[in-house]
2 protein chains.
Amino acid sequence: MVRPGGRSARVQASVHTAVRELQTEVGRDALTVPLVAQRAGVTPSTIYRRWGDLKELLSDVAVERLRPDTAPKDHGDLSSDLAAWAEQFLDEMASPTGRGYIRDALLGDPDGSNAGQCSAYAVQQINVLLTRAADRGENTPDVETVVDRVVAPLMYRILFRPDGLDAEYARRLVKGVPARPTGR
Amino acid sequence: MVRPGGRSARVQASVHTAVRELQTEVGRDALTVPLVAQRAGVTPSTIYRRWGDLKELLSDVAVERLRPDTAPKDHGDLSSDLAAWAEQFLDEMASPTGRGYIRDALLGDPDGSNAGQCSAYAVQQINVLLTRAADRGENTPDVETVVDRVVAPLMYRILFRPDGLDAEYARRLVKGVPARPTGR
């Protein structure tokens with residue numbers, strides 16, 4: 001319900017910018033609400049009122065940083081598109097920065113909405129690929145099956161079991177996606 | 001390298017017990033290192049020296065709580081064993097308590113060893129089922145494939161996409177496990 005360009009939007013933008021700048025300058029662990037408020041030119045109480053605490057603010061910023069800024073590339077067929085998307089997703093999420101954002105998104109997230117948004121971003125990108133494939137006349141699996149077969153194993157291993165995570169593994173996961181809807 | 005029953009083991013036991021008791025009595029968010037130290041009868045500096053900070057202590061306690069205390073039941077064949085294990089895993093991990101422990105395990109975990117231990121527990125249980133099946137003369141998939149097809153989707157959805165998580169979904173994931181090694 002935020003009017004674009006309204007005060008609320010300006011506060012959000014300046015606070016998010018302050019967090020990103022300070023994360024680079026002093027590091028995530030040195031961040032405090034007063035430090036962010038000072039840099040953003042707002043009062044600490046503005047931040048506490050809007051975000052609750054630092055964890056929730058960092059979670060908001062993390063989700064914003066995890067939002068894809070471009071549509072996935074078109075490689076001519078679904079399996080190439082999925083393989084390229086999965087490799088890029090792994091690169092971004094498994095990087096130290098990506099892991100940090102995933103952790104932050106999960107932590108300050110009392111109602112799970114930020115984690116849900118991270119998943120929604122992946123589903124949006126995959127839906128672009130599936131729609132493109134359907135427009136080409138290709139058979140396509142359902143998106144939740146792609147989540148189970150590709151997104152979930154990548155995220156699970158990034159968080160819990162990082163050994164052997166590489167592009168070849170991502171491509172193998174994509175090969176395991178059924179070519180048609182599985183009627184789930 | 002901790003001598004069982006040695007001072008180090010006694011400190012660990014009393015601190016873990018103090019955390020569990022205080023989590024019940026005052027709730028997780030009210031925990032502080034001095035509060036835990038007082039209850040455990042140690043100095044705060046003992047806790048800081050050994051665990052670093054509260055996050056890392058809570059992560060240790062969470063992993064301990066997530067350790068399976070019994071071998072999975074034998075239902076006579078691998079698919080029944082896996083389905084029953086997956087349903088129980090989902091029940092435990094998707095509960096508010098389970099989610100809290102998973103979050104704590106992930107958070108205070110600078111080197112990822114606690115998250116890795118959570119994954120190792122699941123792999124140990126699945127290996128019990130696979131060995132049992134092999135002893136019966138059944139064909140068995142490799143354990144990493146079971147992780148990709150069953151454990152990863154359950155954990156991913158618990159953390160990022162909880163809608164529609166139920167026993168039927170867990171059973172459907174188990175049906176998707178190949179009957180033989182996939183040569184990954």
# chains A, B, ... in the order shown; residues from 1 in each chain; ligands from 1

$ closest_atom_pairs --of "chain B" --to "chain A" --cutoff "7 Å" --atoms "only C-alpha atoms" --output "Markdown table"
| residue | atom | partner | partner_atom | distance |
| --- | --- | --- | --- | --- |
| B:Ala115 | CA | A:Phe160 | CA | 4.8 |
| B:Gly116 | CA | A:Phe160 | CA | 5.0 |
| B:Ser119 | CA | A:Phe160 | CA | 5.9 |
| B:Asp148 | CA | A:Pro153 | CA | 5.1 |
| B:Arg149 | CA | A:Arg149 | CA | 6.7 |
| B:Ala152 | CA | A:Pro153 | CA | 5.0 |
| B:Pro153 | CA | A:Ala152 | CA | 5.0 |
| B:Met155 | CA | A:Tyr156 | CA | 6.9 |
| B:Tyr156 | CA | A:Ala152 | CA | 5.3 |
| B:Leu159 | CA | A:Ala115 | CA | 6.9 |
| B:Phe160 | CA | A:Ala115 | CA | 4.8 |
| B:Arg161 | CA | A:Gly116 | CA | 5.6 |

$ write_last_selection --atoms "C-alpha atoms" --output "PDB file, in the first residue's frame"
ATOM      1  CA  ALA B 115      23.797 -27.567   9.208  1.00  0.00           C
ATOM      2  CA  GLY B 116      26.013 -30.339   7.823  1.00  0.00           C
ATOM      3  CA  SER B 119      21.961 -33.391   6.939  1.00  0.00           C
ATOM      4  CA  ASP B 148      17.688 -34.957  -3.657  1.00  0.00           C
ATOM      5  CA  ARG B 149      14.264 -36.508  -4.217  1.00  0.00           C
ATOM      6  CA  ALA B 152      15.648 -31.676  -0.071  1.00  0.00           C
ATOM      7  CA  PRO B 153      12.070 -30.959  -1.242  1.00  0.00           C
ATOM      8  CA  MET B 155      13.321 -29.145   3.866  1.00  0.00           C
ATOM      9  CA  TYR B 156      13.088 -26.584   1.066  1.00  0.00           C
ATOM     10  CA  LEU B 159      11.766 -23.264   5.033  1.00  0.00           C
ATOM     11  CA  PHE B 160      10.620 -21.487   1.863  1.00  0.00           C
ATOM     12  CA  ARG B 161       7.292 -22.805   0.554  1.00  0.00           C
TER      13      ARG B 161
END

$ residues_around --residues "A:Gly108" --least-positions-apart "6" --cutoff "6 Å" --atoms "only C-alpha atoms" --output "list of chain:residue names"
A:Lys55, A:Glu56, A:Ser59

$ residues_around --residues "stretch 29-46 of chain B" --least-positions-apart "2" --cutoff "12 Å" --atoms "only C-alpha atoms" --output "PyMOL selection string"
(chain A and resi 110) or (chain B and resi 7-8+10-27+48-58+100+104)

$ residues_around --residues "stretch 87-97 of chain B" --least-positions-apart "2" --cutoff "7 Å" --atoms "only C-alpha atoms" --output "PDB file with all heavy atoms, in the first residue's frame"
ATOM      1  N   ALA B  83       8.590 -44.186   2.956  1.00  0.00           N
ATOM      2  CA  ALA B  83       7.373 -43.378   3.114  1.00  0.00           C
ATOM      3  C   ALA B  83       7.134 -43.066   4.586  1.00  0.00           C
ATOM      4  O   ALA B  83       6.853 -41.919   4.956  1.00  0.00           O
ATOM      5  CB  ALA B  83       6.177 -44.106   2.514  1.00  0.00           C
ATOM      6  N   ALA B  84       7.284 -44.078   5.445  1.00  0.00           N
ATOM      7  CA  ALA B  84       7.057 -43.856   6.879  1.00  0.00           C
ATOM      8  C   ALA B  84       8.103 -42.899   7.447  1.00  0.00           C
ATOM      9  O   ALA B  84       7.787 -41.994   8.225  1.00  0.00           O
ATOM     10  CB  ALA B  84       7.101 -45.187   7.636  1.00  0.00           C
ATOM     11  N   TRP B  85       9.369 -43.087   7.000  1.00  0.00           N
ATOM     12  CA  TRP B  85      10.420 -42.189   7.504  1.00  0.00           C
ATOM     13  C   TRP B  85      10.156 -40.756   7.049  1.00  0.00           C
ATOM     14  O   TRP B  85      10.259 -39.817   7.841  1.00  0.00           O
ATOM     15  CB  TRP B  85      11.802 -42.654   7.020  1.00  0.00           C
ATOM     16  CG  TRP B  85      12.868 -41.733   7.516  1.00  0.00           C
ATOM     17  CD1 TRP B  85      13.479 -41.758   8.739  1.00  0.00           C
ATOM     18  CD2 TRP B  85      13.420 -40.595   6.824  1.00  0.00           C
ATOM     19  NE1 TRP B  85      14.361 -40.712   8.847  1.00  0.00           N
ATOM     20  CE2 TRP B  85      14.335 -39.992   7.694  1.00  0.00           C
ATOM     21  CE3 TRP B  85      13.207 -40.042   5.561  1.00  0.00           C
ATOM     22  CZ2 TRP B  85      15.071 -38.841   7.339  1.00  0.00           C
ATOM     23  CZ3 TRP B  85      13.919 -38.904   5.204  1.00  0.00           C
ATOM     24  CH2 TRP B  85      14.841 -38.320   6.078  1.00  0.00           C
ATOM     25  N   ARG B  99      10.881 -26.348  13.224  1.00  0.00           N
ATOM     26  CA  ARG B  99      11.308 -25.198  12.416  1.00  0.00           C
ATOM     27  C   ARG B  99      12.249 -24.302  13.206  1.00  0.00           C
ATOM     28  O   ARG B  99      13.242 -23.795  12.681  1.00  0.00           O
ATOM     29  CB  ARG B  99      10.091 -24.374  11.985  1.00  0.00           C
ATOM     30  CG  ARG B  99       9.248 -25.007  10.913  1.00  0.00           C
ATOM     31  CD  ARG B  99       8.013 -24.133  10.630  1.00  0.00           C
ATOM     32  NE  ARG B  99       6.941 -24.912  10.029  1.00  0.00           N
ATOM     33  CZ  ARG B  99       6.659 -24.901   8.719  1.00  0.00           C
ATOM     34  NH1 ARG B  99       7.395 -24.149   7.910  1.00  0.00           N
ATOM     35  NH2 ARG B  99       5.681 -25.635   8.243  1.00  0.00           N
ATOM     36  N   GLY B 100      11.921 -24.108  14.494  1.00  0.00           N
ATOM     37  CA  GLY B 100      12.774 -23.263  15.335  1.00  0.00           C
ATOM     38  C   GLY B 100      14.177 -23.834  15.447  1.00  0.00           C
ATOM     39  O   GLY B 100      15.170 -23.097  15.344  1.00  0.00           O
ATOM     40  N   TYR B 101      14.264 -25.157  15.633  1.00  0.00           N
ATOM     41  CA  TYR B 101      15.585 -25.786  15.754  1.00  0.00           C
ATOM     42  C   TYR B 101      16.348 -25.695  14.438  1.00  0.00           C
ATOM     43  O   TYR B 101      17.553 -25.451  14.419  1.00  0.00           O
ATOM     44  CB  TYR B 101      15.443 -27.249  16.191  1.00  0.00           C
ATOM     45  CG  TYR B 101      15.113 -27.407  17.657  1.00  0.00           C
ATOM     46  CD1 TYR B 101      14.164 -28.340  18.078  1.00  0.00           C
ATOM     47  CD2 TYR B 101      15.742 -26.635  18.630  1.00  0.00           C
ATOM     48  CE1 TYR B 101      13.851 -28.498  19.429  1.00  0.00           C
ATOM     49  CE2 TYR B 101      15.436 -26.783  19.973  1.00  0.00           C
ATOM     50  CZ  TYR B 101      14.491 -27.713  20.365  1.00  0.00           C
ATOM     51  OH  TYR B 101      14.186 -27.862  21.699  1.00  0.00           O
ATOM     52  N   LEU B 154      11.416 -31.670   1.011  1.00  0.00           N
ATOM     53  CA  LEU B 154      10.735 -31.464   2.296  1.00  0.00           C
ATOM     54  C   LEU B 154      11.346 -30.271   3.025  1.00  0.00           C
ATOM     55  O   LEU B 154      10.636 -29.368   3.475  1.00  0.00           O
ATOM     56  CB  LEU B 154      10.822 -32.726   3.155  1.00  0.00           C
ATOM     57  CG  LEU B 154       9.991 -33.925   2.681  1.00  0.00           C
ATOM     58  CD1 LEU B 154      10.268 -35.142   3.563  1.00  0.00           C
ATOM     59  CD2 LEU B 154       8.495 -33.602   2.684  1.00  0.00           C
ATOM     60  N   ILE B 158       9.613 -26.681   3.819  1.00  0.00           N
ATOM     61  CA  ILE B 158       9.442 -26.275   5.224  1.00  0.00           C
ATOM     62  C   ILE B 158       9.982 -24.864   5.421  1.00  0.00           C
ATOM     63  O   ILE B 158       9.348 -24.021   6.054  1.00  0.00           O
ATOM     64  CB  ILE B 158      10.161 -27.267   6.168  1.00  0.00           C
ATOM     65  CG1 ILE B 158       9.377 -28.573   6.253  1.00  0.00           C
ATOM     66  CG2 ILE B 158      10.342 -26.659   7.557  1.00  0.00           C
ATOM     67  CD1 ILE B 158      10.152 -29.715   6.897  1.00  0.00           C
ATOM     68  N   ALA B 167       1.371 -35.304   4.484  1.00  0.00           N
ATOM     69  CA  ALA B 167       1.883 -36.675   4.380  1.00  0.00           C
ATOM     70  C   ALA B 167       1.749 -37.190   2.953  1.00  0.00           C
ATOM     71  O   ALA B 167       2.606 -37.913   2.453  1.00  0.00           O
ATOM     72  CB  ALA B 167       1.129 -37.572   5.355  1.00  0.00           C
ATOM     73  N   ALA B 170       4.640 -36.026   1.000  1.00  0.00           N
ATOM     74  CA  ALA B 170       5.843 -36.790   1.363  1.00  0.00           C
ATOM     75  C   ALA B 170       5.830 -38.162   0.673  1.00  0.00           C
ATOM     76  O   ALA B 170       6.844 -38.604   0.127  1.00  0.00           O
ATOM     77  CB  ALA B 170       5.917 -36.955   2.887  1.00  0.00           C
TER      78      ALA B 170
END

$ atom_distance --atom1 "atom CA of A:Leu129" --atom2 "atom CA of A:Leu78"
6.7 Å

$ residues_around --residues "B:Asn139" --least-positions-apart "4" --cutoff "10 Å" --atoms "only C-alpha atoms" --output "MDAnalysis selection string"
chainID B and resid 78 130 133:135 178:181

$ closest_residue --among "A:Val177, A:Ile102, A:Leu165, A:Ile47" --to "A:Glu64" --atoms "only C-alpha atoms"
A:Ile102
